[in-house]
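File shown here: protein.cif, holding mmCIF, C-alpha atoms and all ligand atoms.
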```cif
data_run
loop_
_atom_site.label_atom_id
_atom_site.label_comp_id
_atom_site.auth_asym_id
_atom_site.auth_seq_id
_atom_site.Cartn_x
_atom_site.Cartn_y
_atom_site.Cartn_z
CA MET L 1 -24.87 -1.96 10.44
CA ASP L 2 -28.47 -0.95 11.04
CA ASP L 3 -30.61 -0.13 8.02
CA VAL L 4 -31.08 3.57 8.72
CA ALA L 5 -27.36 4.15 9.18
CA ILE L 6 -26.38 2.24 6.08
CA GLY L 7 -29.04 3.95 3.97
CA ALA L 8 -27.61 7.38 4.74
CA MET L 9 -24.08 6.12 4.17
CA ILE L 10 -24.98 4.65 0.79
CA GLU L 11 -26.54 7.96 -0.27
CA ALA L 12 -23.40 9.82 0.83
CA ALA L 13 -21.15 7.42 -1.08
CA LEU L 14 -23.26 7.69 -4.24
CA THR L 15 -23.27 11.49 -4.02
CA ALA L 16 -19.50 11.53 -3.52
CA ARG L 17 -19.06 9.23 -6.52
CA ARG L 18 -20.72 11.82 -8.74
CA HIS L 19 -17.83 14.18 -7.92
CA ALA L 20 -15.12 11.73 -9.02
CA HIS L 21 -12.37 13.02 -11.28
CA ALA L 22 -11.58 9.85 -13.19
CA PRO L 23 -10.89 10.81 -16.82
CA TYR L 24 -8.15 8.17 -17.22
CA SER L 25 -9.67 5.02 -15.76
CA ARG L 26 -13.28 6.17 -16.21
CA PHE L 27 -13.89 4.24 -12.99
CA ALA L 28 -15.69 6.56 -10.60
CA VAL L 29 -15.63 5.68 -6.90
CA GLY L 30 -17.31 7.23 -3.88
CA ALA L 31 -16.64 6.41 -0.25
CA ALA L 32 -18.52 7.32 2.92
CA MET L 33 -17.21 6.82 6.43
CA ARG L 34 -19.00 7.15 9.74
CA CYS L 35 -16.96 8.45 12.66
CA GLU L 36 -17.15 8.02 16.43
CA ARG L 37 -19.42 11.07 16.62
CA GLY L 38 -21.94 9.57 14.19
CA LEU L 39 -21.07 12.02 11.43
CA LEU L 40 -20.59 11.04 7.79
CA HIS L 41 -17.50 11.95 5.80
CA ALA L 42 -17.18 11.34 2.09
CA GLY L 43 -14.59 11.28 -0.66
CA CYS L 44 -14.21 10.46 -4.34
CA ASN L 45 -11.26 9.33 -6.41
CA VAL L 46 -9.19 12.16 -7.87
CA GLU L 47 -6.97 11.04 -10.72
CA ASN L 48 -4.00 12.87 -12.20
CA ALA L 49 -2.35 13.04 -15.62
CA ALA L 50 0.73 11.74 -13.79
CA TYR L 51 -1.12 8.50 -13.08
CA PRO L 52 0.53 7.40 -9.77
CA GLU L 53 -0.44 10.72 -8.20
CA GLY L 54 -4.14 9.83 -8.26
CA LEU L 55 -6.02 9.48 -4.98
CA CYS L 56 -8.55 6.83 -4.01
CA ALA L 57 -11.99 7.77 -2.75
CA GLU L 58 -11.23 6.23 0.65
CA ALA L 59 -8.18 8.45 1.11
CA GLY L 60 -10.34 11.51 0.49
CA ALA L 61 -12.95 10.36 2.98
CA ILE L 62 -10.30 9.75 5.63
CA ALA L 63 -8.84 13.21 5.05
CA ALA L 64 -12.31 14.74 5.46
CA LEU L 65 -12.94 12.76 8.67
CA ILE L 66 -9.65 13.82 10.22
CA MET L 67 -10.09 17.42 9.08
CA ALA L 68 -13.53 17.48 10.77
CA GLY L 69 -11.84 16.70 14.08
CA SER L 70 -12.87 13.04 14.26
CA ARG L 71 -10.38 10.26 14.97
CA ARG L 72 -12.18 6.92 14.52
CA ILE L 73 -13.78 5.18 11.53
CA THR L 74 -16.79 3.12 12.67
CA ALA L 75 -18.25 2.08 9.29
CA VAL L 76 -17.33 2.33 5.59
CA VAL L 77 -19.33 2.22 2.35
CA VAL L 78 -17.63 2.11 -1.07
CA ALA L 79 -19.71 2.78 -4.19
CA ALA L 80 -18.51 1.93 -7.69
CA GLY L 81 -19.38 0.21 -10.95
CA GLY L 82 -17.36 -2.59 -12.50
CA SER L 83 -17.81 -6.32 -12.66
CA GLY L 84 -18.16 -6.98 -8.95
CA PRO L 85 -17.89 -5.36 -5.54
CA CYS L 86 -15.23 -2.62 -5.45
CA THR L 87 -13.26 -3.53 -2.36
CA PRO L 88 -10.72 -0.99 -1.09
CA CYS L 89 -7.23 -1.43 -2.56
CA GLY L 90 -4.48 -2.77 -0.32
CA GLY L 91 -3.14 0.68 0.47
CA CYS L 92 -6.57 1.94 1.46
CA ARG L 93 -7.20 -1.07 3.69
CA GLN L 94 -4.08 -0.10 5.61
CA LYS L 95 -5.11 3.57 5.69
CA ILE L 96 -8.48 2.57 7.15
CA ARG L 97 -6.74 0.32 9.70
CA GLU L 98 -5.03 3.33 11.23
CA PHE L 99 -8.38 4.60 12.49
CA ALA L 100 -10.62 1.52 12.63
CA ASP L 101 -11.02 -1.62 14.73
CA PRO L 102 -10.81 -4.98 12.91
CA GLY L 103 -14.56 -5.52 13.29
CA THR L 104 -15.45 -2.32 11.45
CA PRO L 105 -18.07 -3.03 8.75
CA ILE L 106 -17.14 -2.27 5.14
CA HIS L 107 -20.00 -2.47 2.64
CA MET L 108 -19.55 -2.39 -1.12
CA VAL L 109 -22.45 -1.09 -3.23
CA ASP L 110 -23.13 -0.73 -6.94
CA PRO L 111 -24.07 2.56 -8.68
CA ASN L 112 -27.72 1.94 -7.74
CA GLY L 113 -26.89 1.61 -4.07
CA GLN L 114 -27.40 -2.13 -4.02
CA VAL L 115 -25.19 -3.86 -1.45
CA LEU L 116 -22.95 -6.33 -3.32
CA LEU L 117 -20.80 -7.38 -0.38
CA ALA L 118 -21.00 -6.79 3.37
CA SER L 119 -17.58 -7.39 4.86
CA SER L 120 -15.30 -6.15 7.63
CA LEU L 121 -11.83 -4.73 7.96
CA ALA L 122 -10.64 -7.97 9.58
CA GLU L 123 -11.86 -9.97 6.60
CA LEU L 124 -10.25 -7.65 4.05
CA LEU L 125 -7.03 -7.13 6.00
CA PRO L 126 -6.38 -10.13 8.25
CA ARG L 127 -3.49 -10.19 10.73
CA SER L 128 -3.07 -6.48 10.14
CA PHE L 129 -0.37 -4.17 11.42
CA GLY L 130 -1.80 -1.18 13.26
CA PRO L 131 -0.89 1.53 15.75
CA ASP L 132 -1.13 -1.00 18.61
CA SER L 133 1.49 -3.18 16.91
CA LEU L 134 4.15 -0.61 17.72
CA GLY L 135 3.79 -1.41 21.42
N1 LIG W 1 -10.22 3.35 -6.67
C1 LIG W 1 -10.73 3.93 -5.53
O1 LIG W 1 -10.87 5.16 -5.45
N2 LIG W 1 -11.09 3.12 -4.51
C2 LIG W 1 -11.08 1.76 -4.55
O2 LIG W 1 -11.54 1.12 -3.60
C3 LIG W 1 -10.52 1.06 -5.72
C4 LIG W 1 -10.00 1.92 -6.80
C5 LIG W 1 -9.88 4.23 -7.79
C6 LIG W 1 -8.44 4.45 -8.08
C7 LIG W 1 -8.49 4.86 -9.55
O3 LIG W 1 -8.80 6.24 -9.63
C8 LIG W 1 -9.66 4.08 -10.10
O4 LIG W 1 -10.43 3.69 -8.97
C9 LIG W 1 -9.28 2.85 -10.90
O5 LIG W 1 -8.39 2.04 -10.19
#
```
Show me the file's structure as structure tokens.
Amino acid sequence: MDDVAIGAMIEAALTARRHAHAPYSRFAVGAAMRCERGLLHAGCNVENAAYPEGLCAEAGAIAALIMAGSRRITAVVVAAGGSGPCTPCGGCRQKIREFADPGTPIHMVDPNGQVLLASSLAELLPRSFGPDSLG
């Protein structure tokens, strides 16, 4: 990812993180996704008193991207605290896969916007099952 693009994505992810509803885990997450039109779409985690009903930040960002009329994810930034890089959970890796090529960059940043890990969908979800797998 080029510096200008990632800078804007990091800002969007950090801003989204500030909207997190995470009273149960107290683990706020923000996600920003770039689409095929170069637009940014963001989401935050939204927890629920019925714990399994909570939504990840990535799911919110995907919903925003699709709702905006876009259909492809070309880059992802996830912003969170914690002891190390906050990589997308398994379910979110699969959700991203629906709209992204394996080479899609996924960057994890801390609450200051520092990049902790620069990875890719292929690295996080190897040998994945996607729309093309259906034949
Ligand atoms: N969470 C995300 O939103 N994205 C991730 O990549 C990892 C985890 C959320 C789910 C839950 O609200 C909280 O972080 C703690 O697991």
Please find the residues contacting ligand LIG 1 (chain W) at a distance of at most 10 Å between atoms, with only C-alpha atoms and all ligand atoms counted, and report them as a VMD selection string. chain L and resid 17 20 to 31 43 to 48 51 to 60 77 to 82 85 to 93 108
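Within 10 Å of the file-frame point (-11.9, -8.5, 4.1), and using all atoms listed in the file, the polymer residues found are Thr87, Pro88, Arg93, Pro102, Pro105, Ile106, Ala118, Ser119, Ser120, Leu121, Ala122, Glu123, Leu124, Leu125 and Pro126 of chain L.
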Using CA of Met33 in chain L and CA of Thr74 in chain L as the two end points, give the distance in Å to one decimal.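 So the answer is 7.3 Å.
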Option closest in space to Ala63 in chain L, from L:Ala5, L:Leu134, L:Ala42, L:Ala12 [counting all atoms listed in the file]: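 Smallest separation from Ala63 in chain L among the options: L:Ala42.
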Two-atom distance - CA of Gln94 in chain L, CA of Asn112 in chain L (Å): 27.2 Å
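Proximity ranking of L:Leu117, L:Val109, L:Ala64, L:Gly130 relative to Cys35 in chain L places L:Ala64 first, based on only C-alpha atoms.
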Write a file for range 30-53 of chain L, containing N, CA and C atoms (output as a compact mmCIF listing (two decimals), in the first residue's frame).
```
# COMPACT_ATOMS: atom_id res chain seq x y z
N GLY L 30 -11.64 -0.56 15.33
CA GLY L 30 -12.10 0.18 14.15
C GLY L 30 -11.51 -0.47 12.92
N ALA L 31 -12.28 -0.49 11.84
CA ALA L 31 -11.78 -1.06 10.59
C ALA L 31 -12.08 -0.09 9.45
N ALA L 32 -11.13 0.01 8.52
CA ALA L 32 -11.35 0.82 7.32
C ALA L 32 -11.03 -0.06 6.11
N MET L 33 -11.88 0.05 5.11
CA MET L 33 -11.67 -0.73 3.88
C MET L 33 -11.75 0.18 2.67
N ARG L 34 -10.80 -0.01 1.77
CA ARG L 34 -10.82 0.72 0.50
C ARG L 34 -11.52 -0.17 -0.53
N CYS L 35 -12.30 0.45 -1.39
CA CYS L 35 -13.03 -0.32 -2.41
C CYS L 35 -12.45 -0.06 -3.79
N GLU L 36 -13.00 -0.73 -4.78
CA GLU L 36 -12.52 -0.64 -6.15
C GLU L 36 -12.66 0.76 -6.73
N ARG L 37 -13.46 1.60 -6.10
CA ARG L 37 -13.62 2.98 -6.57
C ARG L 37 -12.73 3.96 -5.80
N GLY L 38 -11.89 3.41 -4.92
CA GLY L 38 -10.96 4.26 -4.17
C GLY L 38 -11.59 4.94 -2.98
N LEU L 39 -12.81 4.57 -2.64
CA LEU L 39 -13.49 5.17 -1.49
C LEU L 39 -13.14 4.39 -0.23
N LEU L 40 -13.28 5.06 0.92
CA LEU L 40 -13.04 4.40 2.21
C LEU L 40 -14.36 4.15 2.92
N HIS L 41 -14.43 2.98 3.53
CA HIS L 41 -15.64 2.58 4.26
C HIS L 41 -15.18 2.07 5.62
N ALA L 42 -15.87 2.49 6.68
CA ALA L 42 -15.39 2.17 8.01
C ALA L 42 -16.45 1.51 8.86
N GLY L 43 -16.00 0.82 9.90
CA GLY L 43 -16.92 0.21 10.85
C GLY L 43 -16.24 0.05 12.20
N CYS L 44 -17.06 -0.14 13.22
CA CYS L 44 -16.54 -0.38 14.58
C CYS L 44 -17.27 -1.59 15.15
N ASN L 45 -16.70 -2.18 16.21
CA ASN L 45 -17.42 -3.30 16.81
C ASN L 45 -18.62 -2.78 17.60
N VAL L 46 -19.69 -3.55 17.54
CA VAL L 46 -20.95 -3.20 18.21
C VAL L 46 -21.38 -4.41 19.03
N GLU L 47 -21.10 -4.35 20.33
CA GLU L 47 -21.40 -5.49 21.19
C GLU L 47 -22.85 -5.45 21.65
N ASN L 48 -23.27 -6.57 22.26
CA ASN L 48 -24.66 -6.71 22.68
C ASN L 48 -24.70 -7.42 24.03
N ALA L 49 -25.69 -7.09 24.85
CA ALA L 49 -25.84 -7.74 26.16
C ALA L 49 -25.99 -9.25 25.98
N ALA L 50 -26.57 -9.67 24.87
CA ALA L 50 -26.58 -11.09 24.50
C ALA L 50 -25.29 -11.30 23.71
N TYR L 51 -24.23 -11.64 24.40
CA TYR L 51 -22.87 -11.57 23.87
C TYR L 51 -22.67 -12.06 22.43
N PRO L 52 -23.21 -13.23 22.05
CA PRO L 52 -22.91 -13.73 20.68
C PRO L 52 -23.50 -12.85 19.57
N GLU L 53 -24.37 -11.94 19.94
CA GLU L 53 -24.98 -11.07 18.92
C GLU L 53 -24.11 -9.88 18.55
```
